[in-house]
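What follows is query-v1.pdb (PDB, C-alpha atoms).
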```pdb
ATOM      1  CA  MET W  10     140.176 115.808  84.093  1.00  0.00           C
ATOM      2  CA  ALA W  11     141.471 112.963  86.249  1.00  0.00           C
ATOM      3  CA  GLU W  12     138.911 111.184  88.400  1.00  0.00           C
ATOM      4  CA  PRO W  13     139.396 111.810  92.145  1.00  0.00           C
ATOM      5  CA  VAL W  14     141.497 109.106  93.769  1.00  0.00           C
ATOM      6  CA  ALA W  15     138.727 108.346  96.283  1.00  0.00           C
ATOM      7  CA  ARG W  16     136.511 107.254  93.413  1.00  0.00           C
ATOM      8  CA  ARG W  17     139.018 104.875  91.827  1.00  0.00           C
ATOM      9  CA  TYR W  18     137.938 101.804  93.785  1.00  0.00           C
ATOM     10  CA  ASP W  19     137.962  98.233  92.505  1.00  0.00           C
ATOM     11  CA  ALA W  20     134.183  97.833  92.131  1.00  0.00           C
ATOM     12  CA  ARG W  21     134.233 100.720  89.676  1.00  0.00           C
ATOM     13  CA  TRP W  22     137.426  99.897  87.771  1.00  0.00           C
ATOM     14  CA  GLY W  23     138.506  96.346  88.505  1.00  0.00           C
ATOM     15  CA  TYR W  24     135.931  94.516  86.375  1.00  0.00           C
ATOM     16  CA  ARG W  25     136.027  96.583  83.197  1.00  0.00           C
ATOM     17  CA  SER W  26     138.451  94.223  81.498  1.00  0.00           C
ATOM     18  CA  LEU W  27     138.516  90.575  82.585  1.00  0.00           C
ATOM     19  CA  ASP W  28     137.734  87.046  81.435  1.00  0.00           C
ATOM     20  CA  ALA W  29     134.032  87.115  82.355  1.00  0.00           C
ATOM     21  CA  GLU W  30     133.418  83.504  81.354  1.00  0.00           C
ATOM     22  CA  ARG W  31     136.193  82.346  83.684  1.00  0.00           C
ATOM     23  CA  TYR W  32     134.813  84.588  86.417  1.00  0.00           C
ATOM     24  CA  GLU W  33     131.396  82.924  86.115  1.00  0.00           C
ATOM     25  CA  ARG W  34     132.888  79.423  86.137  1.00  0.00           C
ATOM     26  CA  ARG W  35     134.895  80.180  89.282  1.00  0.00           C
ATOM     27  CA  ARG W  36     132.002  81.917  91.027  1.00  0.00           C
ATOM     28  CA  TYR W  37     129.202  79.480  90.165  1.00  0.00           C
ATOM     29  CA  GLY W  38     130.787  76.384  88.604  1.00  0.00           C
ATOM     30  CA  SER W  39     131.071  73.982  91.548  1.00  0.00           C
ATOM     31  CA  ALA W  40     128.210  72.091  93.182  1.00  0.00           C
ATOM     32  CA  GLY W  41     128.685  74.003  96.434  1.00  0.00           C
ATOM     33  CA  ARG W  42     128.598  77.377  94.741  1.00  0.00           C
ATOM     34  CA  ARG W  43     125.531  76.402  92.723  1.00  0.00           C
ATOM     35  CA  LEU W  44     123.841  75.466  96.001  1.00  0.00           C
ATOM     36  CA  ASN W  45     124.770  78.892  97.397  1.00  0.00           C
ATOM     37  CA  LEU W  46     123.153  80.472  94.338  1.00  0.00           C
ATOM     38  CA  ARG W  47     119.936  78.487  94.896  1.00  0.00           C
ATOM     39  CA  LEU W  48     119.853  79.590  98.541  1.00  0.00           C
ATOM     40  CA  LEU W  49     120.390  83.195  97.470  1.00  0.00           C
ATOM     41  CA  GLU W  50     117.553  82.922  94.949  1.00  0.00           C
ATOM     42  CA  ARG W  51     115.282  81.562  97.689  1.00  0.00           C
ATOM     43  CA  ALA W  52     116.010  84.630  99.844  1.00  0.00           C
ATOM     44  CA  LEU W  53     115.592  86.974  96.874  1.00  0.00           C
ATOM     45  CA  SER W  54     112.224  85.369  96.118  1.00  0.00           C
ATOM     46  CA  ARG W  55     111.013  86.363  99.583  1.00  0.00           C
ATOM     47  CA  ALA W  56     112.413  89.868  99.162  1.00  0.00           C
ATOM     48  CA  LEU W  57     110.586  90.337  95.836  1.00  0.00           C
ATOM     49  CA  GLU W  58     107.162  89.300  97.132  1.00  0.00           C
ATOM     50  CA  ALA W  59     105.762  92.844  97.039  1.00  0.00           C
ATOM     51  CA  VAL W  60     106.903  93.537  93.451  1.00  0.00           C
ATOM     52  CA  PRO W  61     104.019  93.004  91.000  1.00  0.00           C
ATOM     53  CA  ALA W  62     104.194  90.175  88.472  1.00  0.00           C
ATOM     54  CA  GLY W  63     105.220  91.544  85.092  1.00  0.00           C
ATOM     55  CA  GLY W  64     107.096  94.397  86.759  1.00  0.00           C
ATOM     56  CA  ILE W  65     110.450  95.640  85.512  1.00  0.00           C
ATOM     57  CA  VAL W  66     113.364  94.662  87.754  1.00  0.00           C
ATOM     58  CA  MET W  67     116.782  96.211  87.173  1.00  0.00           C
ATOM     59  CA  ASP W  68     119.699  93.910  87.971  1.00  0.00           C
ATOM     60  CA  ALA W  69     122.495  96.329  88.842  1.00  0.00           C
ATOM     61  CA  PRO W  70     125.259  95.457  88.488  1.00  0.00           C
ATOM     62  CA  CYS W  71     124.165  92.436  86.491  1.00  0.00           C
ATOM     63  CA  GLY W  72     127.572  90.851  85.869  1.00  0.00           C
ATOM     64  CA  THR W  73     127.137  87.951  83.457  1.00  0.00           C
ATOM     65  CA  GLY W  74     123.364  87.872  84.008  1.00  0.00           C
ATOM     66  CA  ILE W  75     123.443  84.863  86.318  1.00  0.00           C
ATOM     67  CA  LEU W  76     120.198  85.925  88.067  1.00  0.00           C
ATOM     68  CA  TRP W  77     118.170  86.550  84.929  1.00  0.00           C
ATOM     69  CA  SER W  78     116.633  83.099  84.475  1.00  0.00           C
ATOM     70  CA  PHE W  79     115.534  83.168  88.134  1.00  0.00           C
ATOM     71  CA  LEU W  80     113.991  86.631  87.757  1.00  0.00           C
ATOM     72  CA  ARG W  81     112.192  85.622  84.568  1.00  0.00           C
ATOM     73  CA  ARG W  82     110.782  82.512  86.278  1.00  0.00           C
ATOM     74  CA  LYS W  83     109.374  84.836  88.936  1.00  0.00           C
ATOM     75  CA  GLY W  84     107.481  86.648  86.182  1.00  0.00           C
ATOM     76  CA  PHE W  85     109.550  89.833  85.980  1.00  0.00           C
ATOM     77  CA  ARG W  86     110.897  91.712  83.002  1.00  0.00           C
ATOM     78  CA  VAL W  87     114.632  92.106  83.546  1.00  0.00           C
ATOM     79  CA  VAL W  88     116.888  95.032  82.652  1.00  0.00           C
ATOM     80  CA  GLY W  89     120.616  94.541  83.244  1.00  0.00           C
ATOM     81  CA  ALA W  90     123.124  97.315  83.961  1.00  0.00           C
ATOM     82  CA  ASP W  91     126.870  96.956  84.446  1.00  0.00           C
ATOM     83  CA  ILE W  92     130.000  99.056  84.020  1.00  0.00           C
ATOM     84  CA  SER W  93     132.006  96.161  82.552  1.00  0.00           C
ATOM     85  CA  PRO W  94     131.920  95.570  78.779  1.00  0.00           C
ATOM     86  CA  ALA W  95     133.355  92.095  79.408  1.00  0.00           C
ATOM     87  CA  MET W  96     130.521  91.161  81.768  1.00  0.00           C
ATOM     88  CA  LEU W  97     127.881  92.568  79.431  1.00  0.00           C
ATOM     89  CA  ALA W  98     129.322  90.666  76.473  1.00  0.00           C
ATOM     90  CA  VAL W  99     128.591  87.388  78.278  1.00  0.00           C
ATOM     91  CA  ALA W 100     125.255  88.608  79.663  1.00  0.00           C
ATOM     92  CA  ARG W 101     123.976  89.504  76.193  1.00  0.00           C
ATOM     93  CA  ARG W 102     124.196  85.837  75.172  1.00  0.00           C
ATOM     94  CA  ARG W 103     121.396  85.109  77.600  1.00  0.00           C
ATOM     95  CA  SER W 104     117.862  85.459  76.287  1.00  0.00           C
ATOM     96  CA  GLU W 105     116.069  86.260  79.548  1.00  0.00           C
ATOM     97  CA  SER W 106     116.585  90.022  79.718  1.00  0.00           C
ATOM     98  CA  PHE W 107     114.322  92.783  78.463  1.00  0.00           C
ATOM     99  CA  GLY W 108     117.446  94.883  77.754  1.00  0.00           C
ATOM    100  CA  GLN W 109     120.974  95.691  78.894  1.00  0.00           C
ATOM    101  CA  MET W 110     122.922  98.897  79.335  1.00  0.00           C
ATOM    102  CA  ARG W 111     126.421  99.910  80.283  1.00  0.00           C
ATOM    103  CA  ALA W 112     126.225 102.108  83.359  1.00  0.00           C
ATOM    104  CA  ASP W 113     128.245 103.567  86.208  1.00  0.00           C
ATOM    105  CA  LEU W 114     125.891 103.176  89.154  1.00  0.00           C
ATOM    106  CA  GLU W 115     127.064 106.427  90.721  1.00  0.00           C
ATOM    107  CA  GLN W 116     125.505 108.101  87.693  1.00  0.00           C
ATOM    108  CA  PRO W 117     121.913 106.806  87.273  1.00  0.00           C
ATOM    109  CA  PRO W 118     121.474 105.161  83.861  1.00  0.00           C
ATOM    110  CA  CYS W 119     117.805 106.102  83.409  1.00  0.00           C
ATOM    111  CA  ARG W 120     115.093 108.417  84.673  1.00  0.00           C
ATOM    112  CA  PRO W 121     113.852 108.297  88.290  1.00  0.00           C
ATOM    113  CA  GLY W 122     111.042 105.823  88.831  1.00  0.00           C
ATOM    114  CA  SER W 123     111.786 103.921  85.619  1.00  0.00           C
ATOM    115  CA  VAL W 124     111.648 100.417  87.130  1.00  0.00           C
ATOM    116  CA  ASP W 125     109.579  98.625  89.739  1.00  0.00           C
ATOM    117  CA  ALA W 126     112.538  97.354  91.784  1.00  0.00           C
ATOM    118  CA  VAL W 127     116.328  97.159  91.767  1.00  0.00           C
ATOM    119  CA  VAL W 128     118.287  94.043  92.703  1.00  0.00           C
ATOM    120  CA  SER W 129     121.954  94.631  93.575  1.00  0.00           C
ATOM    121  CA  ASN W 130     123.866  91.419  94.246  1.00  0.00           C
ATOM    122  CA  ARG W 131     127.512  91.060  95.374  1.00  0.00           C
ATOM    123  CA  PHE W 132     128.224  94.775  95.001  1.00  0.00           C
ATOM    124  CA  MET W 133     127.659  96.922  98.069  1.00  0.00           C
ATOM    125  CA  MET W 134     130.414  95.401 100.191  1.00  0.00           C
ATOM    126  CA  HIS W 135     132.956  96.184  97.451  1.00  0.00           C
ATOM    127  CA  LEU W 136     132.222  99.905  97.781  1.00  0.00           C
ATOM    128  CA  PRO W 137     134.051 102.250 100.164  1.00  0.00           C
ATOM    129  CA  PRO W 138     131.839 103.008 103.192  1.00  0.00           C
ATOM    130  CA  ASP W 139     131.456 106.667 102.231  1.00  0.00           C
ATOM    131  CA  VAL W 140     130.284 105.693  98.737  1.00  0.00           C
ATOM    132  CA  ARG W 141     127.681 103.051  99.703  1.00  0.00           C
ATOM    133  CA  PRO W 142     124.940 105.472 100.841  1.00  0.00           C
ATOM    134  CA  HIS W 143     125.367 107.550  97.673  1.00  0.00           C
ATOM    135  CA  VAL W 144     124.980 104.479  95.444  1.00  0.00           C
ATOM    136  CA  LEU W 145     122.029 103.171  97.461  1.00  0.00           C
ATOM    137  CA  ARG W 146     120.306 106.523  97.055  1.00  0.00           C
ATOM    138  CA  ALA W 147     120.998 106.560  93.314  1.00  0.00           C
ATOM    139  CA  LEU W 148     119.524 103.063  92.927  1.00  0.00           C
ATOM    140  CA  ALA W 149     116.507 103.918  95.082  1.00  0.00           C
ATOM    141  CA  ASP W 150     115.739 106.910  92.882  1.00  0.00           C
ATOM    142  CA  LEU W 151     115.441 104.589  89.868  1.00  0.00           C
ATOM    143  CA  ALA W 152     112.777 102.399  91.460  1.00  0.00           C
ATOM    144  CA  ARG W 153     109.095 102.857  92.172  1.00  0.00           C
ATOM    145  CA  GLY W 154     109.453 100.035  94.671  1.00  0.00           C
ATOM    146  CA  PRO W 155     112.263  98.559  96.768  1.00  0.00           C
ATOM    147  CA  VAL W 156     116.006  98.267  96.416  1.00  0.00           C
ATOM    148  CA  ILE W 157     117.020  94.710  97.273  1.00  0.00           C
ATOM    149  CA  ALA W 158     120.722  94.386  98.074  1.00  0.00           C
ATOM    150  CA  THR W 159     123.020  91.691  99.408  1.00  0.00           C
ATOM    151  CA  ILE W 160     125.036  92.739 102.449  1.00  0.00           C
ATOM    152  CA  CYS W 161     127.706  90.788 104.345  1.00  0.00           C
ATOM    153  CA  HIS W 162     127.308  90.576 108.127  1.00  0.00           C
ATOM    154  CA  PRO W 163     129.421  89.237 111.027  1.00  0.00           C
ATOM    155  CA  TYR W 164     126.837  87.013 112.743  1.00  0.00           C
ATOM    156  CA  THR W 165     128.194  83.650 111.591  1.00  0.00           C
ATOM    157  CA  TYR W 166     130.219  80.746 112.905  1.00  0.00           C
ATOM    158  CA  LYS W 167     132.979  81.675 110.448  1.00  0.00           C
ATOM    159  CA  SER W 168     133.174  85.243 111.766  1.00  0.00           C
ATOM    160  CA  PHE W 169     133.359  83.924 115.332  1.00  0.00           C
ATOM    161  CA  GLN W 170     136.270  81.685 114.347  1.00  0.00           C
ATOM    162  CA  ARG W 171     138.074  84.625 112.744  1.00  0.00           C
ATOM    163  CA  ALA W 172     137.577  86.789 115.835  1.00  0.00           C
ATOM    164  CA  LEU W 173     138.888  84.006 118.064  1.00  0.00           C
ATOM    165  CA  ARG W 174     141.977  83.528 115.895  1.00  0.00           C
ATOM    166  CA  ARG W 175     142.670  87.288 116.029  1.00  0.00           C
ATOM    167  CA  MET W 176     142.394  87.189 119.818  1.00  0.00           C
ATOM    168  CA  LEU W 177     144.994  84.399 119.818  1.00  0.00           C
ATOM    169  CA  GLY W 178     147.372  86.521 117.764  1.00  0.00           C
ATOM    170  CA  SER W 179     146.885  85.025 114.310  1.00  0.00           C
ATOM    171  CA  LYS W 180     146.819  87.211 111.225  1.00  0.00           C
ATOM    172  CA  VAL W 181     143.335  86.978 109.756  1.00  0.00           C
ATOM    173  CA  LYS W 182     142.053  88.711 106.658  1.00  0.00           C
ATOM    174  CA  ARG W 183     139.587  91.468 107.506  1.00  0.00           C
ATOM    175  CA  SER W 184     136.647  91.717 105.122  1.00  0.00           C
ATOM    176  CA  PRO W 185     133.980  94.432 105.304  1.00  0.00           C
ATOM    177  CA  ARG W 186     130.963  93.363 107.364  1.00  0.00           C
ATOM    178  CA  LEU W 187     127.996  95.408 108.591  1.00  0.00           C
ATOM    179  CA  THR W 188     126.282  94.890 111.913  1.00  0.00           C
ATOM    180  CA  ARG W 189     122.549  95.534 112.084  1.00  0.00           C
ATOM    181  CA  ARG W 190     123.187  98.910 113.694  1.00  0.00           C
ATOM    182  CA  GLU W 191     125.669  99.902 110.974  1.00  0.00           C
ATOM    183  CA  LEU W 192     123.246  98.749 108.289  1.00  0.00           C
ATOM    184  CA  MET W 193     120.445 100.857 109.765  1.00  0.00           C
ATOM    185  CA  ALA W 194     122.763 103.876 109.996  1.00  0.00           C
ATOM    186  CA  GLU W 195     123.945 103.569 106.376  1.00  0.00           C
ATOM    187  CA  ALA W 196     120.391 103.177 105.141  1.00  0.00           C
ATOM    188  CA  ALA W 197     119.284 106.244 107.100  1.00  0.00           C
ATOM    189  CA  SER W 198     122.158 108.309 105.714  1.00  0.00           C
ATOM    190  CA  ALA W 199     120.894 107.393 102.220  1.00  0.00           C
ATOM    191  CA  GLY W 200     117.383 108.502 103.173  1.00  0.00           C
ATOM    192  CA  LEU W 201     116.165 104.884 103.165  1.00  0.00           C
ATOM    193  CA  ARG W 202     114.472 102.545 105.590  1.00  0.00           C
ATOM    194  CA  VAL W 203     115.320  98.884 106.139  1.00  0.00           C
ATOM    195  CA  GLU W 204     112.072  96.973 105.618  1.00  0.00           C
ATOM    196  CA  ARG W 205     113.352  93.395 105.870  1.00  0.00           C
ATOM    197  CA  VAL W 206     116.574  91.528 106.577  1.00  0.00           C
ATOM    198  CA  ILE W 207     116.501  87.987 105.172  1.00  0.00           C
ATOM    199  CA  PRO W 208     119.404  85.651 106.051  1.00  0.00           C
ATOM    200  CA  VAL W 209     120.489  83.423 103.190  1.00  0.00           C
ATOM    201  CA  LEU W 210     121.413  80.672 105.692  1.00  0.00           C
ATOM    202  CA  PRO W 211     121.520  81.603 109.399  1.00  0.00           C
ATOM    203  CA  LEU W 212     124.885  81.157 111.134  1.00  0.00           C
ATOM    204  CA  LEU W 213     126.504  79.617 108.046  1.00  0.00           C
ATOM    205  CA  SER W 214     126.131  82.230 105.286  1.00  0.00           C
ATOM    206  CA  GLU W 215     127.572  85.718 105.733  1.00  0.00           C
ATOM    207  CA  VAL W 216     124.980  87.146 103.330  1.00  0.00           C
ATOM    208  CA  TRP W 217     121.790  89.006 104.135  1.00  0.00           C
ATOM    209  CA  VAL W 218     119.265  89.982 101.497  1.00  0.00           C
ATOM    210  CA  VAL W 219     118.117  93.432 102.599  1.00  0.00           C
ATOM    211  CA  VAL W 220     114.937  95.167 101.412  1.00  0.00           C
ATOM    212  CA  LEU W 221     115.196  98.970 101.458  1.00  0.00           C
ATOM    213  CA  SER W 222     112.542 101.566 100.707  1.00  0.00           C
ATOM    214  CA  THR W 223     112.168 105.323 100.593  1.00  0.00           C
ATOM    215  CA  PRO W 224     109.890 106.467 103.440  1.00  0.00           C
ATOM    216  CA  ARG W 225     106.770 108.223 102.238  1.00  0.00           C
ATOM    217  CA  PRO W 226     106.071 111.702 103.613  1.00  0.00           C
ATOM    218  CA  SER W 227     103.589 111.536 106.484  1.00  0.00           C
TER     219      SER W 227
END
```

Please render this file's structure as structure tokens.
Amino acid sequence: MAEPVARRYDARWGYRSLDAERYERRRYGSAGRRLNLRLLERALSRALEAVPAGGIVMDAPCGTGILWSFLRRKGFRVVGADISPAMLAVARRRSESFGQMRADLEQPPCRPGSVDAVVSNRFMMHLPPDVRPHVLRALADLARGPVIATICHPYTYKSFQRALRRMLGSKVKRSPRLTRRELMAEAASAGLRVERVIPVLPLLSEVWVVVLSTPRPS
């Protein structure tokens, strides 16, 4: 049976076959991009403070495993999950993970409560808006603790420049961004609560590291 068209989005299909080594070089190869990665790791370190040392953290999707050495240095056991065989082929060359699995994140790859936390980097903003809450809920069900996701927001100098250029009639690429109110609404529709919003670099980076949890029954 053919998959519904609404589900055939790039984050699910676009990375299954690609040159993953080239992708990693382009994404993290320059000095500026390596600095961005260090800043992201600093924000992730704050987000992971409540996860116990020695806990199992699922990196989903893990891509080429670029975060694994950081997560291991923090004292976590790392499990990687990704839909792309090409990404996993590169990730498996790294020695820092506890294990890897191929997984479609709309279909949970393991039992509920199997890991202590889930980290989801550079993924949510590639999902259609109606799919994001479903995936967040699926990831939250896997974790005994938080889901930690990167989200793009509009509160930056760059976003202000884009808005000004649009007002002046220029054609400017529109990229998905969530305001705080939209973030809260999407989290609530997934049955989650936003615990923390950690800017990677205020006013300059468009990335928030967001800590989400499942509210406990009162």

Assuming the chain letters and numbering stay as they are in my file, what does the PyMOL selection byres ((chain W and resi 105) around 9) actually select? List them as a PyMOL selection string.
chain W and resi 74+77-78+80-81+86-87+103-104+106-108

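Each of W:Pro226, W:Pro94, W:Gly64, W:Pro137 was compared to Val124 of chain W using only C-alpha atoms, and W:Gly64 turns out to be the nearest.
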
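Proximity of W:Leu148, W:Leu213, W:Val140, W:Ala194 to His162 of chain W, computed with only C-alpha atoms, is greatest for W:Leu213.
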
Hey, can you check how far atom CA of Glu30 of chain W sits from atom CA of Ile75 of chain W?
11.2 Å

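If you look at atom CA of Met67 of chain W and atom CA of Tyr164 of chain W, they are 29.0 Å away from each other.
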
Kindly list the centre and edge lengths in Å, rounded to one decimal, for the axis-aligned box that covers all listed atoms of segment 137-144 of chain W plus 4 Å on each of its six sides, as JSON.
```
{"center_x": 129.5, "center_y": 104.9, "center_z": 99.3, "size_x": 17.1, "size_y": 13.3, "size_z": 15.7}
```

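Residue nearest Ile160 of chain W, chosen from W:Pro117, W:Gly122, W:Pro208, W:Pro70 and counting all atoms listed in the file: W:Pro208.
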
What does the structure give for the distance between atom CA of Asp150 of chain W and atom CA of Asp113 of chain W, in Å to one decimal?
14.6 Å

Please determine the residues with any atom at most 10 Å from (118.2, 111.7, 100.0) (coordinates as given in the file, with all atoms listed in the file counting) and report them as an NGL selection string.
:W and (142-143 or 145-147 or 149-150 or 197-201 or 223)

Reconstruct N, CA and C atoms of segment 107-119 of chain W; output as a PDB file, in the coordinates of the input.
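The resulting file, selection25.pdb, is shown below:
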```
ATOM      1  N   PHE W 107     115.104  91.832  79.240  1.00  0.00           N
ATOM      2  CA  PHE W 107     114.322  92.783  78.463  1.00  0.00           C
ATOM      3  C   PHE W 107     115.250  93.781  77.762  1.00  0.00           C
ATOM      4  N   GLY W 108     116.456  93.973  78.325  1.00  0.00           N
ATOM      5  CA  GLY W 108     117.446  94.883  77.754  1.00  0.00           C
ATOM      6  C   GLY W 108     118.648  94.982  78.660  1.00  0.00           C
ATOM      7  N   GLN W 109     119.754  95.495  78.113  1.00  0.00           N
ATOM      8  CA  GLN W 109     120.974  95.691  78.894  1.00  0.00           C
ATOM      9  C   GLN W 109     121.531  97.075  78.591  1.00  0.00           C
ATOM     10  N   MET W 110     122.282  97.601  79.547  1.00  0.00           N
ATOM     11  CA  MET W 110     122.922  98.897  79.335  1.00  0.00           C
ATOM     12  C   MET W 110     124.232  98.940  80.110  1.00  0.00           C
ATOM     13  N   ARG W 111     125.187  99.660  79.558  1.00  0.00           N
ATOM     14  CA  ARG W 111     126.421  99.910  80.283  1.00  0.00           C
ATOM     15  C   ARG W 111     126.216 101.137  81.156  1.00  0.00           C
ATOM     16  N   ALA W 112     126.545 101.017  82.440  1.00  0.00           N
ATOM     17  CA  ALA W 112     126.225 102.108  83.359  1.00  0.00           C
ATOM     18  C   ALA W 112     127.169 102.124  84.542  1.00  0.00           C
ATOM     19  N   ASP W 113     127.562 103.314  84.949  1.00  0.00           N
ATOM     20  CA  ASP W 113     128.245 103.567  86.208  1.00  0.00           C
ATOM     21  C   ASP W 113     127.149 103.870  87.224  1.00  0.00           C
ATOM     22  N   LEU W 114     127.030 103.054  88.259  1.00  0.00           N
ATOM     23  CA  LEU W 114     125.891 103.176  89.154  1.00  0.00           C
ATOM     24  C   LEU W 114     125.950 104.388  90.060  1.00  0.00           C
ATOM     25  N   GLU W 115     127.060 105.128  90.039  1.00  0.00           N
ATOM     26  CA  GLU W 115     127.064 106.427  90.721  1.00  0.00           C
ATOM     27  C   GLU W 115     126.378 107.490  89.882  1.00  0.00           C
ATOM     28  N   GLN W 116     126.158 107.174  88.610  1.00  0.00           N
ATOM     29  CA  GLN W 116     125.505 108.101  87.693  1.00  0.00           C
ATOM     30  C   GLN W 116     124.301 107.379  87.108  1.00  0.00           C
ATOM     31  N   PRO W 117     123.091 107.597  87.636  1.00  0.00           N
ATOM     32  CA  PRO W 117     121.913 106.806  87.273  1.00  0.00           C
ATOM     33  C   PRO W 117     121.750 106.658  85.767  1.00  0.00           C
ATOM     34  N   PRO W 118     121.529 105.414  85.297  1.00  0.00           N
ATOM     35  CA  PRO W 118     121.474 105.161  83.861  1.00  0.00           C
ATOM     36  C   PRO W 118     120.142 105.461  83.205  1.00  0.00           C
ATOM     37  N   CYS W 119     119.105 105.779  83.995  1.00  0.00           N
ATOM     38  CA  CYS W 119     117.805 106.102  83.409  1.00  0.00           C
ATOM     39  C   CYS W 119     117.049 107.038  84.340  1.00  0.00           C
TER      40      CYS W 119
END
```
